[in-house]
Amino acid sequence: MLILGDSMAKLYFFYGAMNSGKTTRILQCNYNYEEKGMRAVIMKPATDTKGDDKIVSRIGSSKKVDYLIKKDENIFDLIVEEFNHVDLILVDEAQFLTTRQVNQLMDIVIDLDIPVMCYGLRTDFKSNGFPGARRLLEIAHELTEIKSICECGKKAMFNVRLIDGKVVTEGESVAIDGEGEVTYTTACSRCFRMKTRHRFDHPETKYE
Ligand SMILES: [Zn+2]
């Protein structure tokens with residue numbers, strides 16, 4: 001299945017804030033491929049515990065993923081060794097991929113000529129880019145923002161973490177929606193700044 005020569009496939013990154021309908025799009029895309037008799041493989045990094053081995057859209061539909069990607073897994077080798085024929089790779093929660101894994105997806109696109117569509121968040125609740133999202137923003141052929149609306153009517157770009165309904169600005173980057181008392185809401189830049197009470201350039205902001 002190794003196709004050499006001019007690659008037509010591309011690496012896509014569809015990014016948006018939480019609850020922007022990313023998973024719904026994946027399920028729709030998968031359906032469209034299957035309807036044409038083509039094989040789409042749905043993957044997601046195992047670090048996301050939401051729905052375990054399922055992807056769950058906010059409108060209630062769900063599907064078991066074809067593969068959970070482990071932290072140190074080489075996705076290129078995986079596709080070559082474990083999958084016979086693949087027409088499309090769909091990755092949910094792609095922000096949790098490592099930088100290397102995103103690079104491996106790019107190699108899949110180029111060497112195997114398989115399009116890879118990644119869906120995920122751009123930033124965490126502190127407005128810092130997830131490693132996988134950063135790398136995708138750097139190298140993806142096509143970037144598409146999936147837009148959603150802030151309560152004020154502007155475009156929601158940021159994720160705000162709440163614990164017991166109160167906004168928090170400290171904590172680990174990964175805390176999954178629905179676990180314990182952690183919930184999220186989304187906000188435009190101005191509302192994000194108001195809710196987190198931080199100017200973006202703030203003396204206490206720690207840059208990595
Ligand atoms: Zn707003």
# chains A, B, ... in the order shown; residues from 1 in each chain; ligands from 1
>>> residues_around(residues="stretch 155-165 of chain A", least_positions_apart="2", cutoff="7 Å", atoms="only C-alpha atoms", output="mmCIF file with N, CA and C atoms, in the first residue's frame")
data_model
loop_
_atom_site.group_PDB
_atom_site.id
_atom_site.type_symbol
_atom_site.label_atom_id
_atom_site.label_comp_id
_atom_site.auth_asym_id
_atom_site.auth_seq_id
_atom_site.Cartn_x
_atom_site.Cartn_y
_atom_site.Cartn_z
ATOM 1 N N GLY A 16 -11.182 24.275 17.330
ATOM 2 C CA GLY A 16 -12.227 25.126 17.876
ATOM 3 C C GLY A 16 -12.232 25.019 19.385
ATOM 4 N N ALA A 17 -13.035 25.840 20.026
ATOM 5 C CA ALA A 17 -13.181 25.754 21.474
ATOM 6 C C ALA A 17 -14.011 24.515 21.800
ATOM 7 N N MET A 18 -14.172 24.245 23.092
ATOM 8 C CA MET A 18 -14.963 23.078 23.488
ATOM 9 C C MET A 18 -16.410 23.253 23.008
ATOM 10 N N THR A 123 -6.299 25.629 22.490
ATOM 11 C CA THR A 123 -5.647 25.995 23.758
ATOM 12 C C THR A 123 -6.344 25.390 24.973
ATOM 13 N N ASP A 124 -5.611 25.335 26.082
ATOM 14 C CA ASP A 124 -6.187 24.863 27.342
ATOM 15 C C ASP A 124 -6.865 26.033 28.073
ATOM 16 N N PHE A 125 -7.273 25.784 29.324
ATOM 17 C CA PHE A 125 -8.042 26.803 30.053
ATOM 18 C C PHE A 125 -7.191 27.995 30.491
ATOM 19 N N SER A 127 -5.241 29.361 28.207
ATOM 20 C CA SER A 127 -5.001 29.908 26.858
ATOM 21 C C SER A 127 -3.671 29.487 26.265
ATOM 22 N N LYS A 147 -16.225 27.439 14.322
ATOM 23 C CA LYS A 147 -16.622 28.584 15.147
ATOM 24 C C LYS A 147 -17.799 28.256 16.060
ATOM 25 N N SER A 148 -17.749 28.834 17.256
ATOM 26 C CA SER A 148 -18.895 28.784 18.151
ATOM 27 C C SER A 148 -19.021 30.176 18.783
ATOM 28 N N ILE A 149 -20.105 30.371 19.489
ATOM 29 C CA ILE A 149 -20.456 31.720 19.928
ATOM 30 C C ILE A 149 -20.339 31.878 21.444
ATOM 31 N N CYS A 150 -19.716 32.956 21.861
ATOM 32 C CA CYS A 150 -19.640 33.337 23.275
ATOM 33 C C CYS A 150 -21.019 33.833 23.725
ATOM 34 N N GLY A 153 -22.115 36.981 22.204
ATOM 35 C CA GLY A 153 -22.410 37.030 20.778
ATOM 36 C C GLY A 153 -21.184 37.023 19.891
ATOM 37 N N VAL A 167 -14.895 29.943 38.412
ATOM 38 C CA VAL A 167 -13.781 29.965 37.459
ATOM 39 C C VAL A 167 -12.464 29.717 38.184
ATOM 40 N N VAL A 168 -11.644 28.812 37.634
ATOM 41 C CA VAL A 168 -10.304 28.583 38.176
ATOM 42 C C VAL A 168 -9.256 28.910 37.103
ATOM 43 N N GLU A 181 -16.073 17.728 39.772
ATOM 44 C CA GLU A 181 -16.882 18.947 39.682
ATOM 45 C C GLU A 181 -16.329 19.905 38.634
ATOM 46 N N VAL A 182 -15.460 19.380 37.769
ATOM 47 C CA VAL A 182 -14.853 20.230 36.747
ATOM 48 C C VAL A 182 -15.782 20.358 35.542
ATOM 49 N N THR A 183 -16.071 21.580 35.164
ATOM 50 C CA THR A 183 -16.836 21.818 33.937
ATOM 51 C C THR A 183 -16.133 22.916 33.148
ATOM 52 N N TYR A 184 -16.572 23.113 31.936
ATOM 53 C CA TYR A 184 -15.961 24.150 31.094
ATOM 54 C C TYR A 184 -17.043 24.986 30.429
ATOM 55 N N THR A 185 -16.666 26.213 30.167
ATOM 56 C CA THR A 185 -17.488 27.044 29.304
ATOM 57 C C THR A 185 -16.540 27.711 28.316
ATOM 58 N N THR A 186 -17.088 28.294 27.274
ATOM 59 C CA THR A 186 -16.219 28.931 26.282
ATOM 60 C C THR A 186 -16.480 30.435 26.269
ATOM 61 N N ALA A 187 -15.491 31.169 25.806
ATOM 62 C CA ALA A 187 -15.605 32.625 25.849
ATOM 63 C C ALA A 187 -14.811 33.274 24.725
ATOM 64 N N CYS A 188 -15.236 34.468 24.350
ATOM 65 C CA CYS A 188 -14.449 35.282 23.425
ATOM 66 C C CYS A 188 -13.246 35.831 24.193
ATOM 67 N N SER A 189 -12.362 36.515 23.513
ATOM 68 C CA SER A 189 -11.143 36.997 24.175
ATOM 69 C C SER A 189 -11.449 37.951 25.325
ATOM 70 N N PHE A 192 -13.160 36.048 28.172
ATOM 71 C CA PHE A 192 -12.165 35.178 28.800
ATOM 72 C C PHE A 192 -11.317 35.983 29.775
#
>>> select_by_dssp(residues="stretch 30-92 of chain A", states="strand (DSSP E)", output="list of chain:residue names")
A:Ala40, A:Val41, A:Ile42, A:Met43, A:Lys44, A:Pro45, A:Lys54, A:Ile55, A:Val56, A:Ser62, A:Lys63, A:Lys64, A:Tyr67, A:Leu68, A:Ile69, A:Leu88, A:Ile89, A:Leu90, A:Val91
>>> closest_residue(among="A:Cys191, A:Val109, A:Val41, A:Met117", to="ligand 1", atoms="only C-alpha atoms and all ligand atoms")
A:Cys191
>>> closest_residue(among="A:Arg197, A:Val65, A:Lys166, A:Ile26", to="A:Phe14", atoms="only C-alpha atoms")
A:Ile26
